[in-house]
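Visitor: I'd like to ask you about the structure that follows.
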Amino acid sequence: MSLALYLSFVAFAAGVFFFVVLPERRRASMLPPGPPGDPLIGHLLRMPSAQSPLVFHEWSKTYGDVMYLTVLGRCIVILDSYKAAVDLLEKRSANYSDRPKFTLYELLGWDPAATFLQYGKQWNKHRQMHQSYLGRDKLDDFRPFQTQEARTLVQNLIQCAPEKYEDYLSRFATGIIAQIVAGHRITSDDDPYLRISKMTFEAMSSTGPPGNSPLDFFPLLQHFPPWFPGAKHVEVVRTWRPTLRELHDYPLRTVKNQKENGEAAPSFILENLEKMEEGDDEEDLKGAAATIFGAGELTTWSTLSVFILAMILHPECQAKAQREIDSVVGDQRLPDFGDRQELPFVECILQETLRWNPGVPLGVPHRAMEDDIYRGMLIPKGTLVFSNIKGMALDENVYSDPTSFHPERFLPTPTGKGEPHFDNVAFGFGRRICTGQYVAPDTLWIAISSILASCKITNAVDEEGKIIVPDALISDGLVSHPTDTRCVITPRSLSVKTLVLETV
Ligand code: HEM
């Protein structure tokens, strides 16, 4: 080898070392702490297969509230404290308001959907549509039908067989969303919205949470046959896409017809149809409406199921809330929104339900648009940032005895512990915060207060007469749902039963 060649080789090696290896090492040394991973695949084999929010929370006790993982080269940060989530997702929202690309969900037909759209013009348009219809100033418009649906819910609960309770809780959630989106009131079991929403639920159950399938990691797999390893979701897409498209098409088609016939009730779709201008794409309205179904239904239903589970396991809380309702509302009527301020313990039950088992325990991932430095740690561009909402609920620095269901924690001291309400955590953070953040608590409150006022929730018994105590287990997935809510729901008294059945 000539000297010149040798020197060029040394110069090249030194260049690589100083300009590539050293900066990479320096970057790697600045990454947030996390459990050790494997070469190339990172934490793929170490990712929890179940109850990931709880496992991440345990890991955070060793690695801190900003924890770093990688899976097949994809960087992931888990935020396990409210402070870190606010510091990054709210205070630095200009950098953290993007979402990763959810290839499987897009192919399934969730396109365009505000929840999954990347940060930009189209997301902004959808967000504006949601905010202007679901804003705090619109709550009074929804309260009459929320109240009516809550009355129907208790009528159904006290008359149906126990195995139908979950169906009626789900129907209540669908009923509210159908009213918001399409001005439609559900009155029969074979309502098209019930059918579409049931099928949508089945579709989502067969895919798992967004961003988790091999298609999301390797989008090219969409072009492979379903038998190819990792491409089985191609078949799932084929099976379920028509259902998802029906969820997009049916509401707009129906409201348009009603509008032409002068029969359309006020709704999200009607308001936006009337605002539509030349050149506006109907697909945007379809997507924005379907997203309200997708994001608002299961979350509301699951939270109500958590409430039922809590009441089965904590009859003392149920009795205390009922005493409060009796003293404020009496037994001649059911609670309405005008009573909310006077019922602090019912409010605590709502907050504790949101905290004890948050509906969306790992949030929906945000995506860092540029490199960022936080507390001296590097969060690389492209990192998926998860808020561990469940972890925040279990933060012992904020909530005493956090695994217990203890609504009094929110009451001011000395009666309670003055701990912070959970509705500023449960709905996420920053510019991507849930657009149902105002309407959802109202829906939940009127359902919870109506159930407490009129129903007694007790343990079911098995064939041998033994009391069934459900495990407080929660399903995995984007939205978590109690796995066992077996109970018996009866009217609190004969007079309440008459009142409920006569109230429309
Ligand atoms: C108990 C009920 C609910 C819970 C716990 C919940 C929770 C959440 C959470 C944690 C997020 C992610 C926020 C983030 O990225 O930081 C979210 C997003 C979203 N939620 Fe909800 N939600 C509920 C009900 C609703 C309802 C009733 C609606 C509509 C009426 C709704 C519409 C949305 C939408 C559109 C997004 C995506 C926002 C975006 O990406 O810009 N949610 N929700």
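Identifiers for the structure tokens are assigned positionally: chains receive A, B, ... in sequence, residues are indexed from 1 per chain, and ligands are indexed from 1 in the order shown.
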How would you write, as a PyMOL selection string, the set of residues no farther than 6 Å from ligand 1 when counting only C-alpha atoms and all ligand atoms?
Guide: chain A and resi 114-115+127+291-292+295-296+299-300+303+359-360+363-364+426-429+432-436+440
Visitor: Write the residues you've just listed into a file as a PDB file, in the first residue's frame, and include C-alpha atoms for each of them.
Guide:
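Below is the file that was written, selection.pdb:
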ATOM      1  CA  ALA A 114     -58.417  13.402  13.711  1.00  0.00           C
ATOM      2  CA  THR A 115     -57.087  10.915  16.260  1.00  0.00           C
ATOM      3  CA  ARG A 127     -59.799  19.666  15.094  1.00  0.00           C
ATOM      4  CA  THR A 291     -63.904   9.792  14.596  1.00  0.00           C
ATOM      5  CA  ILE A 292     -66.410  11.012  17.177  1.00  0.00           C
ATOM      6  CA  ALA A 295     -63.089   7.967  19.969  1.00  0.00           C
ATOM      7  CA  GLY A 296     -66.172   8.684  22.061  1.00  0.00           C
ATOM      8  CA  THR A 299     -64.237   5.194  26.065  1.00  0.00           C
ATOM      9  CA  THR A 300     -67.562   6.303  27.593  1.00  0.00           C
ATOM     10  CA  THR A 303     -65.603   4.219  31.983  1.00  0.00           C
ATOM     11  CA  GLY A 359     -60.124   4.615  29.918  1.00  0.00           C
ATOM     12  CA  VAL A 360     -57.107   5.213  27.685  1.00  0.00           C
ATOM     13  CA  GLY A 363     -52.854   7.687  25.826  1.00  0.00           C
ATOM     14  CA  VAL A 364     -52.432   7.922  22.065  1.00  0.00           C
ATOM     15  CA  ALA A 426     -57.434  11.279  31.767  1.00  0.00           C
ATOM     16  CA  PHE A 427     -58.024  13.158  28.507  1.00  0.00           C
ATOM     17  CA  GLY A 428     -54.389  13.552  27.458  1.00  0.00           C
ATOM     18  CA  PHE A 429     -52.206  16.578  26.860  1.00  0.00           C
ATOM     19  CA  ARG A 432     -53.866  16.660  20.831  1.00  0.00           C
ATOM     20  CA  ILE A 433     -55.903  16.655  24.043  1.00  0.00           C
ATOM     21  CA  CYS A 434     -59.216  14.791  23.685  1.00  0.00           C
ATOM     22  CA  THR A 435     -61.829  16.906  21.921  1.00  0.00           C
ATOM     23  CA  GLY A 436     -64.475  15.153  24.036  1.00  0.00           C
ATOM     24  CA  ALA A 440     -67.513  13.188  28.179  1.00  0.00           C
TER      25      ALA A 440
END
Visitor: When you draw a straight line from atom CA of Leu104 of chain A to atom CA of His233 of chain A, how long is it in Å?
Guide: 7.6 Å
Visitor: For Leu501 of chain A, work out the shell of residues within 9 Å, counting only C-alpha atoms and skipping chain neighbours fewer than 6 positions away, then give it as a list in words.
Guide: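 Residues near the query, excluding close chain neighbours: Arg151, Thr152, Val154 and Gln155 of chain A.
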Visitor: Find the residue from A:Gly465, A:Pro491, A:Gly430, A:Pro210 that sits nearest to Asp87 of chain A; use only C-alpha atoms when measuring.
Guide: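 When distances to Asp87 of chain A are compared using only C-alpha atoms, the smallest one comes from A:Gly430.
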Visitor: What residues in segment 426-502 of chain A get the DSSP label helix (DSSP H, G or I)? Please answer as a PyMOL selection string.
Guide: chain A and resi 430-432+439-454+494-502
Visitor: Go ahead and write the residues just picked, C-alpha atoms, as a compact mmCIF listing (two decimals), in the first residue's frame.
Guide:
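The resulting file, out-v4.txt, is shown below:
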# COMPACT_ATOMS: atom_id res chain seq x y z
CA GLY A 430 -51.34 19.54 24.67
CA ARG A 431 -52.76 20.30 21.25
CA ARG A 432 -53.87 16.66 20.83
CA VAL A 439 -68.79 16.54 26.82
CA ALA A 440 -67.51 13.19 28.18
CA PRO A 441 -67.48 14.19 31.89
CA ASP A 442 -71.02 15.56 31.51
CA THR A 443 -72.22 12.32 29.90
CA LEU A 444 -70.57 10.28 32.63
CA TRP A 445 -71.86 12.51 35.43
CA ILE A 446 -75.51 12.35 34.42
CA ALA A 447 -75.32 8.56 33.97
CA ILE A 448 -73.52 8.01 37.30
CA SER A 449 -75.79 10.31 39.29
CA SER A 450 -78.95 8.83 37.71
CA ILE A 451 -77.81 5.26 38.43
CA LEU A 452 -76.85 6.10 42.02
CA ALA A 453 -80.14 7.91 42.64
CA SER A 454 -82.29 5.05 41.44
CA LEU A 494 -90.70 0.84 44.93
CA SER A 495 -91.29 4.58 44.79
CA VAL A 496 -88.00 5.15 42.93
CA LYS A 497 -88.96 2.40 40.49
CA THR A 498 -92.26 4.16 39.77
CA LEU A 499 -90.45 7.49 39.43
CA VAL A 500 -87.89 6.02 36.99
CA LEU A 501 -90.48 4.25 34.86
CA GLU A 502 -92.65 7.36 34.68
Visitor: Could you name the residues that touch Ala393 of chain A at 8 Å or less, counting only C-alpha atoms, but leaving out those on the same chain fewer than 5 positions away, as a PyMOL selection string?
Guide: chain A and resi 355-356+358+399+402+422
Visitor: If you take only C-alpha atoms and a cut-off of 8 Å, which residues of segment 89-186 of chain A touch segment 263-276 of chain A, and what are their nearest atom pairs and distances in Å to one decimal, in chain and number order, as a tab-separated table?
Guide:
residue	atom	partner	partner_atom	distance
A:Met129	CA	A:Asn272	CA	7.6
A:Tyr133	CA	A:Phe268	CA	6.4
A:Gln179	CA	A:Ser267	CA	6.9
A:Ile180	CA	A:Ser267	CA	5.5
A:Val181	CA	A:Phe268	CA	4.8
A:Ala182	CA	A:Ser267	CA	5.1
A:Gly183	CA	A:Ser267	CA	4.7
A:His184	CA	A:Ala265	CA	7.5
Visitor: What's the separation between atom CA of His248 of chain A and atom CA of Gly287 of chain A, in Å to one decimal place?
Guide: 6.2 Å
